[in-house]
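Asker: Sending over input32.pdb (PDB, C-alpha atoms).
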```pdb
MODEL        1
ATOM      1  CA  MET A   1      15.441 -98.575  48.004
ATOM      2  CA  LEU A   2      16.323-101.474  50.285
ATOM      3  CA  SER A   3      16.393-103.831  47.283
ATOM      4  CA  LEU A   4      18.591-101.377  45.404
ATOM      5  CA  LEU A   5      21.109-101.042  48.219
ATOM      6  CA  ALA A   6      21.126-104.782  48.922
ATOM      7  CA  GLU A   7      21.981-105.337  45.255
ATOM      8  CA  GLN A   8      25.050-103.081  45.488
ATOM      9  CA  VAL A   9      26.461-103.494  48.975
ATOM     10  CA  VAL A  10      29.261-106.015  49.442
ATOM     11  CA  GLY A  11      30.515-104.406  52.627
ATOM     12  CA  TYR A  12      30.473-101.183  54.597
ATOM     13  CA  TYR A  13      32.177 -99.423  57.468
ATOM     14  CA  ASP A  14      29.851 -98.270  60.250
ATOM     15  CA  PRO A  15      31.301 -95.133  61.890
ATOM     16  CA  ALA A  16      28.893 -95.390  64.814
ATOM     17  CA  THR A  17      30.162 -98.808  65.935
ATOM     18  CA  LYS A  18      33.639 -98.657  64.304
ATOM     19  CA  VAL A  19      32.959-102.046  62.693
ATOM     20  CA  LEU A  20      33.613-103.037  59.066
ATOM     21  CA  TYR A  21      31.037-105.494  57.719
ATOM     22  CA  VAL A  22      31.546-107.699  54.644
ATOM     23  CA  VAL A  23      29.088-110.049  52.971
ATOM     24  CA  SER A  24      30.279-113.621  53.451
ATOM     25  CA  THR A  25      31.454-115.561  50.397
ATOM     26  CA  ASP A  26      32.553-119.083  49.572
ATOM     27  CA  GLY A  27      33.538-118.365  45.971
ATOM     28  CA  SER A  28      30.657-120.346  44.445
ATOM     29  CA  SER A  29      28.105-118.958  41.997
ATOM     30  CA  THR A  30      25.473-118.815  44.722
ATOM     31  CA  GLY A  31      27.613-118.222  47.790
ATOM     32  CA  GLY A  32      27.881-114.456  47.661
ATOM     33  CA  PRO A  33      30.207-112.084  45.815
ATOM     34  CA  PRO A  34      33.477-113.319  44.260
ATOM     35  CA  PRO A  35      36.572-113.076  46.472
ATOM     36  CA  ASP A  36      38.217-110.442  44.246
ATOM     37  CA  ILE A  37      35.199-108.157  44.656
ATOM     38  CA  VAL A  38      35.317-108.699  48.407
ATOM     39  CA  ASN A  39      39.023-107.786  48.483
ATOM     40  CA  VAL A  40      38.407-104.563  46.565
ATOM     41  CA  THR A  41      35.541-103.722  48.892
ATOM     42  CA  ILE A  42      37.663-104.269  51.993
ATOM     43  CA  THR A  43      40.317-101.920  50.593
ATOM     44  CA  HIS A  44      37.660 -99.274  49.952
ATOM     45  CA  GLU A  45      36.068 -99.608  53.379
ATOM     46  CA  LEU A  46      39.421 -99.538  55.180
ATOM     47  CA  VAL A  47      39.960 -96.100  53.651
ATOM     48  CA  HIS A  48      36.693 -95.059  55.309
ATOM     49  CA  ALA A  49      37.923 -96.433  58.620
ATOM     50  CA  LEU A  50      41.074 -94.302  58.293
ATOM     51  CA  GLN A  51      39.054 -91.232  57.301
ATOM     52  CA  ASP A  52      36.926 -91.676  60.403
ATOM     53  CA  GLN A  53      40.028 -91.133  62.552
ATOM     54  CA  TYR A  54      40.506 -87.690  60.995
ATOM     55  CA  VAL A  55      37.035 -86.243  60.386
ATOM     56  CA  GLY A  56      34.421 -88.247  62.295
ATOM     57  CA  LEU A  57      32.205 -89.728  59.586
ATOM     58  CA  ASP A  58      29.362 -90.222  62.045
ATOM     59  CA  SER A  59      28.923 -86.451  62.396
ATOM     60  CA  LEU A  60      28.663 -86.021  58.609
ATOM     61  CA  GLU A  61      25.785 -88.488  58.463
ATOM     62  CA  LYS A  62      23.801 -86.383  60.933
ATOM     63  CA  VAL A  63      23.733 -83.220  58.794
ATOM     64  CA  HIS A  64      20.131 -82.284  57.978
ATOM     65  CA  GLY A  65      18.544 -79.580  55.862
ATOM     66  CA  ASP A  66      21.602 -78.966  53.659
ATOM     67  CA  ASN A  67      21.487 -81.582  50.935
ATOM     68  CA  ASP A  68      24.034 -79.821  48.718
ATOM     69  CA  ARG A  69      26.671 -79.561  51.435
ATOM     70  CA  GLN A  70      26.114 -83.151  52.512
ATOM     71  CA  SER A  71      26.393 -84.387  48.901
ATOM     72  CA  ALA A  72      29.690 -82.513  48.528
ATOM     73  CA  ALA A  73      31.100 -84.032  51.729
ATOM     74  CA  GLN A  74      29.960 -87.500  50.711
ATOM     75  CA  ALA A  75      31.638 -87.046  47.316
ATOM     76  CA  VAL A  76      34.977 -86.307  49.006
ATOM     77  CA  ILE A  77      34.660 -89.282  51.356
ATOM     78  CA  GLU A  78      33.618 -91.787  48.693
ATOM     79  CA  GLY A  79      35.812 -90.218  46.027
ATOM     80  CA  GLN A  80      38.942 -90.575  48.143
ATOM     81  CA  ALA A  81      38.074 -94.201  48.920
ATOM     82  CA  VAL A  82      37.566 -94.967  45.215
ATOM     83  CA  PHE A  83      40.788 -93.220  44.228
ATOM     84  CA  GLU A  84      42.935 -94.925  46.883
ATOM     85  CA  GLN A  85      41.288 -98.282  46.196
ATOM     86  CA  MET A  86      42.251 -97.931  42.517
ATOM     87  CA  ALA A  87      45.771 -96.818  43.432
ATOM     88  CA  VAL A  88      46.249-100.010  45.466
ATOM     89  CA  MET A  89      44.894-102.132  42.617
ATOM     90  CA  MET A  90      47.212-100.433  40.085
ATOM     91  CA  GLY A  91      50.357-100.549  42.201
ATOM     92  CA  GLY A  92      50.386 -96.942  43.398
ATOM     93  CA  GLY A  93      52.180 -94.009  41.837
ATOM     94  CA  ASN A  94      50.489 -92.000  39.112
ATOM     95  CA  PHE A  95      48.257 -94.918  38.187
ATOM     96  CA  VAL A  96      46.004 -92.795  35.960
ATOM     97  CA  MET A  97      48.862 -92.512  33.454
ATOM     98  CA  LYS A  98      49.033 -96.320  33.321
ATOM     99  CA  LEU A  99      45.369 -96.735  32.401
ATOM    100  CA  PRO A 100      44.502 -97.239  28.727
ATOM    101  CA  GLY A 101      42.151 -94.363  27.990
ATOM    102  CA  GLY A 102      43.149 -92.487  31.155
ATOM    103  CA  TRP A 103      40.495 -91.068  33.465
ATOM    104  CA  ASP A 104      37.794 -91.251  30.795
ATOM    105  CA  ARG A 105      38.113 -95.020  30.979
ATOM    106  CA  VAL A 106      37.594 -94.856  34.751
ATOM    107  CA  ARG A 107      34.379 -92.901  34.287
ATOM    108  CA  GLN A 108      33.213 -95.353  31.646
ATOM    109  CA  ALA A 109      33.994 -98.350  33.862
ATOM    110  CA  ILE A 110      32.017 -96.918  36.778
ATOM    111  CA  ARG A 111      29.105 -96.182  34.432
ATOM    112  CA  GLU A 112      29.214 -99.714  33.054
ATOM    113  CA  THR A 113      28.493-101.144  36.495
ATOM    114  CA  GLN A 114      24.927 -99.833  36.131
ATOM    115  CA  GLY A 115      24.188-102.436  33.471
ATOM    116  CA  GLN A 116      25.209-105.203  35.850
ATOM    117  CA  MET A 117      22.688-104.095  38.479
ATOM    118  CA  PRO A 118      19.091-104.567  37.284
ATOM    119  CA  VAL A 119      17.476-102.848  40.282
ATOM    120  CA  LEU A 120      19.717 -99.788  39.873
ATOM    121  CA  SER A 121      19.145 -99.760  36.112
ATOM    122  CA  ALA A 122      15.384 -99.705  36.659
ATOM    123  CA  ALA A 123      15.505 -96.931  39.284
ATOM    124  CA  PRO A 124      14.506 -93.334  38.454
ATOM    125  CA  MET A 125      17.256 -91.232  36.904
ATOM    126  CA  LEU A 126      17.525 -89.057  40.029
ATOM    127  CA  ILE A 127      18.230 -92.111  42.210
ATOM    128  CA  GLN A 128      20.791 -93.524  39.774
ATOM    129  CA  GLU A 129      22.698 -90.288  39.367
ATOM    130  CA  THR A 130      22.742 -89.239  43.026
ATOM    131  CA  LEU A 131      24.057 -92.692  43.977
ATOM    132  CA  LEU A 132      26.797 -92.539  41.331
ATOM    133  CA  PHE A 133      27.808 -88.912  41.910
ATOM    134  CA  PRO A 134      29.937 -89.408  45.072
ATOM    135  CA  TYR A 135      31.940 -92.197  43.448
ATOM    136  CA  LEU A 136      32.250 -90.791  39.933
ATOM    137  CA  SER A 137      32.589 -87.042  40.420
ATOM    138  CA  GLY A 138      34.080 -87.474  43.889
ATOM    139  CA  ALA A 139      36.968 -89.606  42.625
ATOM    140  CA  GLU A 140      37.663 -87.104  39.854
ATOM    141  CA  PHE A 141      37.672 -84.263  42.395
ATOM    142  CA  VAL A 142      40.177 -86.139  44.570
ATOM    143  CA  MET A 143      42.390 -86.783  41.549
ATOM    144  CA  ARG A 144      42.460 -83.045  40.730
ATOM    145  CA  PHE A 145      43.059 -82.196  44.393
ATOM    146  CA  LYS A 146      46.039 -84.550  44.656
ATOM    147  CA  GLU A 147      47.530 -83.105  41.470
ATOM    148  CA  LYS A 148      47.351 -79.552  42.805
ATOM    149  CA  ARG A 149      47.913 -80.150  46.524
ATOM    150  CA  PRO A 150      50.088 -83.253  46.903
ATOM    151  CA  GLY A 151      50.399 -84.523  50.439
ATOM    152  CA  GLN A 152      47.357 -82.594  51.722
ATOM    153  CA  LEU A 153      43.952 -83.904  52.830
ATOM    154  CA  PRO A 154      40.862 -82.974  50.772
ATOM    155  CA  TYR A 155      38.734 -82.244  53.840
ATOM    156  CA  ARG A 156      40.608 -79.463  55.619
ATOM    157  CA  PRO A 157      38.335 -77.710  54.856
ATOM    158  CA  PHE A 158      35.601 -79.750  53.171
ATOM    159  CA  PRO A 159      34.028 -78.492  49.948
ATOM    160  CA  THR A 160      30.678 -76.929  50.817
ATOM    161  CA  SER A 161      28.817 -77.474  47.553
ATOM    162  CA  THR A 162      28.493 -79.875  44.623
ATOM    163  CA  THR A 163      29.578 -76.894  42.503
ATOM    164  CA  GLN A 164      33.055 -77.208  44.026
ATOM    165  CA  ILE A 165      33.073 -80.952  43.318
ATOM    166  CA  MET A 166      32.011 -80.535  39.693
ATOM    167  CA  HIS A 167      34.317 -77.555  39.136
ATOM    168  CA  PRO A 168      37.357 -78.300  41.371
ATOM    169  CA  GLU A 169      39.052 -75.032  40.419
ATOM    170  CA  ARG A 170      36.326 -73.177  42.324
ATOM    171  CA  PHE A 171      37.536 -74.906  45.466
ATOM    172  CA  LEU A 172      41.253 -75.204  44.764
ATOM    173  CA  ASP A 173      41.877 -71.752  43.273
ATOM    174  CA  SER A 174      39.346 -69.430  44.858
ATOM    175  CA  LEU A 175      37.422 -71.233  47.616
ATOM    176  CA  ASP A 176      34.279 -69.834  45.990
ATOM    177  CA  VAL A 177      31.501 -70.672  48.462
ATOM    178  CA  PRO A 178      27.781 -70.728  47.608
ATOM    179  CA  THR A 179      25.228 -68.262  48.906
ATOM    180  CA  ARG A 180      23.097 -69.534  51.765
ATOM    181  CA  VAL A 181      19.417 -68.821  51.098
ATOM    182  CA  VAL A 182      17.155 -68.404  54.146
ATOM    183  CA  LEU A 183      13.442 -68.442  53.334
ATOM    184  CA  PRO A 184      10.817 -66.758  55.524
ATOM    185  CA  LYS A 185       7.788 -68.531  56.949
ATOM    186  CA  PRO A 186       5.332 -69.536  54.160
ATOM    187  CA  LEU A 187       2.306 -67.311  53.560
ATOM    188  CA  GLY A 188      -1.097 -68.944  54.056
ATOM    189  CA  ALA A 189       0.385 -72.446  54.133
ATOM    190  CA  THR A 190       2.001 -74.911  56.517
ATOM    191  CA  LEU A 191       5.655 -75.791  56.064
ATOM    192  CA  VAL A 192       6.202 -79.527  55.567
ATOM    193  CA  TYR A 193       9.860 -79.738  54.536
ATOM    194  CA  GLU A 194      12.687 -77.551  53.256
ATOM    195  CA  ASN A 195      16.120 -78.152  51.800
ATOM    196  CA  ASP A 196      18.303 -77.268  48.820
ATOM    197  CA  LEU A 197      19.276 -78.928  45.526
ATOM    198  CA  GLY A 198      22.650 -77.458  44.592
ATOM    199  CA  GLU A 199      24.084 -77.179  41.097
ATOM    200  CA  PHE A 200      24.250 -80.937  40.573
ATOM    201  CA  GLU A 201      20.594 -81.683  41.272
ATOM    202  CA  THR A 202      19.497 -78.495  39.484
ATOM    203  CA  ARG A 203      21.258 -79.899  36.432
ATOM    204  CA  LEU A 204      19.465 -83.229  36.915
ATOM    205  CA  LEU A 205      16.114 -81.455  37.124
ATOM    206  CA  LEU A 206      16.714 -79.676  33.808
ATOM    207  CA  PHE A 207      17.961 -82.834  32.132
ATOM    208  CA  GLN A 208      14.982 -84.865  33.353
ATOM    209  CA  SER A 209      12.613 -82.482  31.599
ATOM    210  CA  LEU A 210      14.646 -81.473  28.541
ATOM    211  CA  GLN A 211      16.711 -84.625  27.848
ATOM    212  CA  ASP A 212      19.508 -82.325  26.674
ATOM    213  CA  VAL A 213      22.858 -82.695  28.480
ATOM    214  CA  GLY A 214      24.312 -79.492  27.050
ATOM    215  CA  ALA A 215      21.298 -77.354  27.918
ATOM    216  CA  ALA A 216      21.109 -78.812  31.431
ATOM    217  CA  SER A 217      24.802 -78.089  32.036
ATOM    218  CA  ARG A 218      24.525 -74.517  30.752
ATOM    219  CA  GLY A 219      21.340 -73.849  32.663
ATOM    220  CA  ALA A 220      22.801 -74.921  36.021
ATOM    221  CA  ALA A 221      26.344 -73.591  35.543
ATOM    222  CA  GLY A 222      25.702 -70.128  37.011
ATOM    223  CA  TRP A 223      24.027 -71.481  40.156
ATOM    224  CA  ALA A 224      25.001 -69.548  43.287
ATOM    225  CA  GLY A 225      22.533 -70.901  45.868
ATOM    226  CA  ASP A 226      18.974 -72.184  46.333
ATOM    227  CA  ARG A 227      16.321 -73.205  48.825
ATOM    228  CA  TYR A 228      12.922 -74.843  48.415
ATOM    229  CA  CYS A 229      10.043 -75.538  50.748
ATOM    230  CA  VAL A 230       7.216 -78.025  50.434
ATOM    231  CA  VAL A 231       3.972 -76.783  51.969
ATOM    232  CA  ASN A 232       0.374 -77.715  52.583
ATOM    233  CA  THR A 233      -2.075 -75.084  51.293
ATOM    234  CA  PRO A 234      -5.827 -75.232  51.989
ATOM    235  CA  GLN A 235      -6.167 -76.714  48.475
ATOM    236  CA  GLY A 236      -3.361 -79.281  48.793
ATOM    237  CA  ALA A 237       0.407 -79.703  48.537
ATOM    238  CA  GLY A 238       2.622 -77.130  46.869
ATOM    239  CA  ILE A 239       6.264 -76.176  46.478
ATOM    240  CA  THR A 240       8.216 -72.986  46.033
ATOM    241  CA  TRP A 241      11.891 -72.916  45.051
ATOM    242  CA  LEU A 242      14.148 -69.869  45.010
ATOM    243  CA  THR A 243      17.425 -69.989  43.075
ATOM    244  CA  VAL A 244      20.039 -67.216  43.049
ATOM    245  CA  TRP A 245      22.554 -66.751  40.244
ATOM    246  CA  GLU A 246      25.991 -65.330  39.628
ATOM    247  CA  SER A 247      24.758 -62.990  36.886
ATOM    248  CA  ALA A 248      21.574 -61.754  35.251
ATOM    249  CA  VAL A 249      22.534 -63.700  32.124
ATOM    250  CA  ASP A 250      22.773 -66.953  34.123
ATOM    251  CA  ALA A 251      19.394 -66.293  35.754
ATOM    252  CA  ALA A 252      17.760 -65.505  32.383
ATOM    253  CA  GLU A 253      19.098 -68.678  30.774
ATOM    254  CA  PHE A 254      17.894 -70.795  33.683
ATOM    255  CA  ARG A 255      14.442 -69.211  33.588
ATOM    256  CA  ASP A 256      14.146 -69.793  29.836
ATOM    257  CA  LEU A 257      15.086 -73.459  30.231
ATOM    258  CA  MET A 258      12.700 -73.874  33.171
ATOM    259  CA  GLU A 259       9.942 -72.387  31.026
ATOM    260  CA  ARG A 260      10.647 -75.012  28.362
ATOM    261  CA  ALA A 261      10.697 -77.704  31.060
ATOM    262  CA  ILE A 262       7.295 -76.585  32.382
ATOM    263  CA  GLU A 263       5.813 -76.544  28.871
ATOM    264  CA  GLN A 264       7.061 -80.078  28.198
ATOM    265  CA  ARG A 265       5.987 -81.477  31.545
ATOM    266  CA  PHE A 266       2.503 -79.969  31.542
ATOM    267  CA  GLY A 267       1.869 -80.090  27.802
ATOM    268  CA  THR A 268       1.298 -76.358  27.362
ATOM    269  CA  PRO A 269       2.125 -74.625  24.043
ATOM    270  CA  PRO A 270       5.269 -72.462  23.759
ATOM    271  CA  GLY A 271       4.690 -68.999  25.187
ATOM    272  CA  ALA A 272       1.613 -70.066  27.179
ATOM    273  CA  GLY A 273       3.046 -68.513  30.316
ATOM    274  CA  GLY A 274       2.965 -65.011  28.853
ATOM    275  CA  ARG A 275       5.723 -62.433  28.872
ATOM    276  CA  GLY A 276       7.371 -60.185  31.408
ATOM    277  CA  ASN A 277       9.010 -60.994  34.715
ATOM    278  CA  THR A 278       6.213 -63.363  35.786
ATOM    279  CA  ARG A 279       5.256 -66.372  33.664
ATOM    280  CA  ARG A 280       2.075 -68.110  34.800
ATOM    281  CA  PHE A 281       0.841 -71.504  33.615
ATOM    282  CA  ALA A 282      -2.427 -73.319  34.336
ATOM    283  CA  ALA A 283      -2.490 -77.029  33.497
ATOM    284  CA  LYS A 284      -3.495 -80.395  34.946
ATOM    285  CA  GLY A 285      -5.135 -78.827  37.995
ATOM    286  CA  ARG A 286      -2.025 -76.855  38.920
ATOM    287  CA  THR A 287      -0.889 -73.243  38.854
ATOM    288  CA  ILE A 288       2.797 -72.791  38.070
ATOM    289  CA  GLU A 289       4.660 -69.498  38.280
ATOM    290  CA  LEU A 290       8.154 -68.584  37.178
ATOM    291  CA  VAL A 291       9.281 -65.173  38.436
ATOM    292  CA  ALA A 292      12.445 -63.244  37.588
ATOM    293  CA  ALA A 293      13.463 -61.250  40.646
ATOM    294  CA  THR A 294      16.329 -59.538  42.418
ATOM    295  CA  VAL A 295      17.043 -60.457  46.030
ATOM    296  CA  GLN A 296      19.500 -58.292  47.959
ATOM    297  CA  GLY A 297      20.970 -57.178  44.653
ATOM    298  CA  GLN A 298      21.470 -60.734  43.368
ATOM    299  CA  PRO A 299      19.617 -62.147  40.312
ATOM    300  CA  ALA A 300      17.082 -64.767  41.326
ATOM    301  CA  VAL A 301      14.349 -66.989  39.896
ATOM    302  CA  LEU A 302      11.331 -68.137  41.922
ATOM    303  CA  PHE A 303       9.499 -71.290  40.824
ATOM    304  CA  THR A 304       6.147 -72.108  42.443
ATOM    305  CA  ASN A 305       3.770 -75.017  41.825
ATOM    306  CA  VAL A 306       0.467 -75.105  43.752
ATOM    307  CA  PRO A 307      -3.011 -76.603  43.260
ATOM    308  CA  ALA A 308      -5.372 -74.579  41.100
ATOM    309  CA  GLY A 309      -7.150 -72.011  43.253
ATOM    310  CA  ALA A 310      -4.337 -71.774  45.809
ATOM    311  CA  ASN A 311      -2.414 -68.564  46.407
ATOM    312  CA  ALA A 312       0.819 -68.837  44.395
ATOM    313  CA  LYS A 313       2.599 -66.276  46.567
ATOM    314  CA  LEU A 314       4.008 -68.621  49.174
ATOM    315  CA  ILE A 315       6.924 -66.448  50.325
ATOM    316  CA  ASP A 316       7.630 -62.741  50.642
ATOM    317  CA  LEU A 317      10.778 -62.134  48.596
ATOM    318  CA  GLY A 318      11.468 -59.030  50.648
ATOM    319  CA  GLN A 319      11.961 -61.252  53.703
ATOM    320  CA  VAL A 320      14.452 -63.632  52.079
ATOM    321  CA  LYS A 321      17.987 -63.501  53.495
ATOM    322  CA  LEU A 322      21.142 -64.264  51.535
ATOM    323  CA  GLU A 323      24.227 -65.125  53.561
ATOM    324  CA  LYS A 324      27.810 -66.048  52.797
ATOM    325  CA  PRO A 325      29.187 -68.702  55.180
TER     326      PRO A 325
ENDMDL
END
```
Represent the structure contained in this file as structure tokens.
Answerer:
Amino acid sequence: MLSLLAEQVVGYYDPATKVLYVVSTDGSSTGGPPPDIVNVTITHELVHALQDQYVGLDSLEKVHGDNDRQSAAQAVIEGQAVFEQMAVMMGGGNFVMKLPGGWDRVRQAIRETQGQMPVLSAAPMLIQETLLFPYLSGAEFVMRFKEKRPGQLPYRPFPTSTTQIMHPERFLDSLDVPTRVVLPKPLGATLVYENDLGEFETRLLLFQSLQDVGAASRGAAGWAGDRYCVVNTPQGAGITWLTVWESAVDAAEFRDLMERAIEQRFGTPPGAGGRGNTRRFAAKGRTIELVAATVQGQPAVLFTNVPAGANAKLIDLGQVKLEKP
């Protein structure tokens, strides 16, 4: 990770010290980044310095246990910096209209930078996509925000979920907030870590297994909230992950795609998990369960992966709490 970040970073603004750092350059082939790249970077980082006067970037970095919310906030911060940096480069105004190919060309250009970074290109898909998301989807969110709310700031309030970043209308038109999932203490196991994925990383999970962009997008589109916990059982490490959905149809589609993902990952034949609300798989020394459930009237799917012989019931669904912020 250090090698990956060192490959990409030309400069950064540190909100804790209020200092903007830039890699030194002399313009030679071995003396650091070219001056034009440094100039672009300074423009980008100065936007962060201005943002810090309004929202306190240091406090955003200290958010823990809410990955989805933090990813959404980061997307706004980086997206605004990318958008304003491009506006400066293009002479201001509605610069998107001046670009050959419009915003699609912007997305393509950001994607093309991956090929110029060998460490990033060799990183796992999850690392690549979560690093690109704030810049790519964040800049697009800011563009849509400025079109609909000219003269306003995109962080009063902040989006609370990657769903709102990926579908800006759910923030701009309805302020549709995700459901907060609160899991009870694990049963017969020790909690090691807990967090959430959000719609964006749920989509990545499906794509990683299925290698189908359309299916991954459809399967994650009805996401309404989630929470997972990593535990230590007497037999070894396990995980349980509860997702809640906007409709029973969304939950059913997600469960079907997760079943396919499990079959592909563990090499089990189609239908090996059985039928009914609980699908159980035994493969490669693991027990995997996929359960269709209803939690406080909301459709839900519970995924559990534990060592063979361990109790797969890691949480009591009756003790789960669903909250709206």
Asker: Can you list, as JSON, numbers by chain, every protein, DNA or RNA residue that comes within 10 Å of A:Thr202 when you count only C-alpha atoms, leaving out same-chain residues fewer than 4 positions away?
Answerer: {"A": [196, 197, 198, 206, 207, 208, 216, 217, 219, 220, 221, 223, 226, 243, 254]}
Asker: Pick out the closest residue to A:Gln108 from this set: A:Ala81, A:Leu314, A:Val63, A:Leu136. Count all atoms listed in the file.
Answerer: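 Smallest distance to A:Gln108 is found for A:Leu136.
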Asker: Out of A:Val230, A:Leu257, A:Val19, A:Met1, which residue has the shortest atom-to-atom distance to A:Lys185 when counting all atoms listed in the file?
Answerer: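 The shortest atom-to-atom distance to A:Lys185 comes from A:Val230.
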Asker: So what do you get for atom CA of A:Trp103 versus atom CA of A:Pro118, distance-wise?
Answerer: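 Between these atoms lies a distance of 25.6 Å.
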Asker: Could you write out as a list in words the residues that the PyMOL selection byres ((chain A and resi 301) around 7) matches in the shown file?
Answerer: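 For this structure, the PyMOL selection byres ((chain A and resi 301) around 7) captures Leu242, Thr243, Val244, Ala251, Arg255, Leu290, Val291, Ala292, Ala293, Ala300, Leu302 and Phe303 of chain A.
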Asker: Write out as a ChimeraX atom specification which residues come within 10 Å of A:Phe158 when counting only C-alpha atoms, dropping same-chain ones fewer than 4 positions away.
Answerer: /A:55,69,72-74,76-77,153-154,164,171
Asker: Please compute the atom CA of A:Gly101-atom CA of A:Lys148 distance, one decimal, in Å.
Answerer: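 Distance reported for this atom pair: 21.6 Å.
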Asker: Since I can't run it myself right now, could you work out what the PyMOL selection byres ((chain A and resi 42-49) around 6) selects here and report it as an NGL selection string?
Answerer: :A and (12-13 or 39-41 or 50-52 or 81 or 85)
Asker: Tell me which protein, DNA and RNA residues are within 12 Å of A:Thr160, counting all atoms listed in the file, leaving out same-chain ones fewer than 5 positions away, and put them as a PyMOL selection string.
Answerer: chain A and resi 66-76+154-155+165-166+168+170-171+175-180+198-199+224-225+324-325
Asker: I need the residue set behind the PyMOL selection byres ((chain A and resi 189) around 6) for this file; please write it as JSON, numbers by chain.
Answerer: {"A": [186, 187, 188, 190, 232, 233]}
Asker: Mind writing the picked residues with C-alpha atoms as a PDB file, keeping the file's coordinate frame?
Answerer:
```pdb
ATOM      1  CA  PRO A 186       5.332 -69.536  54.160  1.00  0.00           C
ATOM      2  CA  LEU A 187       2.306 -67.311  53.560  1.00  0.00           C
ATOM      3  CA  GLY A 188      -1.097 -68.944  54.056  1.00  0.00           C
ATOM      4  CA  THR A 190       2.001 -74.911  56.517  1.00  0.00           C
ATOM      5  CA  ASN A 232       0.374 -77.715  52.583  1.00  0.00           C
ATOM      6  CA  THR A 233      -2.075 -75.084  51.293  1.00  0.00           C
TER       7      THR A 233
END
```
Asker: Could you check how far atom CA of A:Ile127 sits from atom CA of A:Glu78, in Å to one decimal?
Answerer: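 Between atom CA of A:Ile127 and atom CA of A:Glu78 the gap works out to 16.7 Å.
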Asker: Which one is closest to A:Ala261: A:Gln211, A:Ser137, A:Thr294, A:Gln80? Count only C-alpha atoms.
Answerer: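 Looking only at the distances to A:Ala261, the closest residue turns out to be A:Gln211.
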Asker: Smallest atom-to-atom distance to A:Gly285: which of A:Val192, A:Ala237, A:Tyr228, A:Gly91, using only C-alpha atoms?
Answerer: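 For A:Gly285, the nearest of the candidates is A:Ala237.
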Asker: May I have the residues within 10 Å of A:Val38 as a PyMOL selection string, using only C-alpha atoms and disregarding those fewer than 3 positions away in the same chain?
Answerer: chain A and resi 10-11+22-25+32-35+41-44
Asker: Which residue gives the smallest distance to A:Met143 among A:Ala282, A:Ile262, A:Leu5, A:Val106, with only C-alpha atoms counted?
Answerer: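 With only C-alpha atoms as the atom set, the closest residue is A:Val106.
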Asker: Counting all atoms listed in the file, what is within 10 Å of A:Ala16, bar same-chain residues fewer than 6 positions away, as a list in words?
Answerer: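 What passes the distance filter is Asp52, Gly56, Leu57, Asp58, Ser59 and Glu61 of chain A.
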Asker: What are the centre and edge lengths in Å, to one decimal, of the axis-aligned box around all listed atoms of stretch 262-281 of chain A with 6 Å added on each side, as JSON?
Answerer:
```
{"center_x": 4.9, "center_y": -70.8, "center_z": 29.8, "size_x": 20.2, "size_y": 33.3, "size_z": 24.0}
```
Asker: Ranking A:Asn277, A:Ile110, A:Ile288, A:Ala6 by minimum distance to A:Glu263 and counting only C-alpha atoms, which one comes first?
Answerer: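 Checking each of A:Asn277, A:Ile110, A:Ile288, A:Ala6 against A:Glu263, counting only C-alpha atoms, the winner is A:Ile288.
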Asker: Starting from the sparse input, extend stretch 89-96 of chain A to N, CA, C and O atoms and give the output as a PDB file, in the frame of the given file.
Answerer:
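The resulting file, part21.pdb, is shown below:
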```pdb
ATOM      1  N   MET A  89      45.072-101.123  43.660  1.00  0.00           N
ATOM      2  CA  MET A  89      44.894-102.132  42.617  1.00  0.00           C
ATOM      3  C   MET A  89      45.923-101.979  41.502  1.00  0.00           C
ATOM      4  O   MET A  89      46.372-102.961  40.906  1.00  0.00           O
ATOM      5  N   MET A  90      46.316-100.715  41.213  1.00  0.00           N
ATOM      6  CA  MET A  90      47.212-100.433  40.085  1.00  0.00           C
ATOM      7  C   MET A  90      48.676-100.301  40.503  1.00  0.00           C
ATOM      8  O   MET A  90      49.525 -99.931  39.703  1.00  0.00           O
ATOM      9  N   GLY A  91      48.969-100.568  41.766  1.00  0.00           N
ATOM     10  CA  GLY A  91      50.357-100.549  42.201  1.00  0.00           C
ATOM     11  C   GLY A  91      50.880 -99.205  42.625  1.00  0.00           C
ATOM     12  O   GLY A  91      52.095 -98.999  42.742  1.00  0.00           O
ATOM     13  N   GLY A  92      49.977 -98.245  42.886  1.00  0.00           N
ATOM     14  CA  GLY A  92      50.386 -96.942  43.398  1.00  0.00           C
ATOM     15  C   GLY A  92      50.975 -96.059  42.322  1.00  0.00           C
ATOM     16  O   GLY A  92      50.874 -96.321  41.123  1.00  0.00           O
ATOM     17  N   GLY A  93      51.609 -94.975  42.772  1.00  0.00           N
ATOM     18  CA  GLY A  93      52.180 -94.009  41.837  1.00  0.00           C
ATOM     19  C   GLY A  93      51.092 -93.276  41.074  1.00  0.00           C
ATOM     20  O   GLY A  93      49.932 -93.231  41.489  1.00  0.00           O
ATOM     21  N   ASN A  94      51.461 -92.704  39.956  1.00  0.00           N
ATOM     22  CA  ASN A  94      50.489 -92.000  39.112  1.00  0.00           C
ATOM     23  C   ASN A  94      49.778 -93.034  38.247  1.00  0.00           C
ATOM     24  O   ASN A  94      50.039 -93.172  37.050  1.00  0.00           O
ATOM     25  N   PHE A  95      48.870 -93.789  38.867  1.00  0.00           N
ATOM     26  CA  PHE A  95      48.257 -94.918  38.187  1.00  0.00           C
ATOM     27  C   PHE A  95      47.376 -94.489  37.012  1.00  0.00           C
ATOM     28  O   PHE A  95      47.148 -95.275  36.084  1.00  0.00           O
ATOM     29  N   VAL A  96      46.869 -93.251  37.045  1.00  0.00           N
ATOM     30  CA  VAL A  96      46.004 -92.795  35.960  1.00  0.00           C
ATOM     31  C   VAL A  96      46.756 -92.836  34.637  1.00  0.00           C
ATOM     32  O   VAL A  96      46.192 -93.168  33.587  1.00  0.00           O
TER      33      VAL A  96
END
```
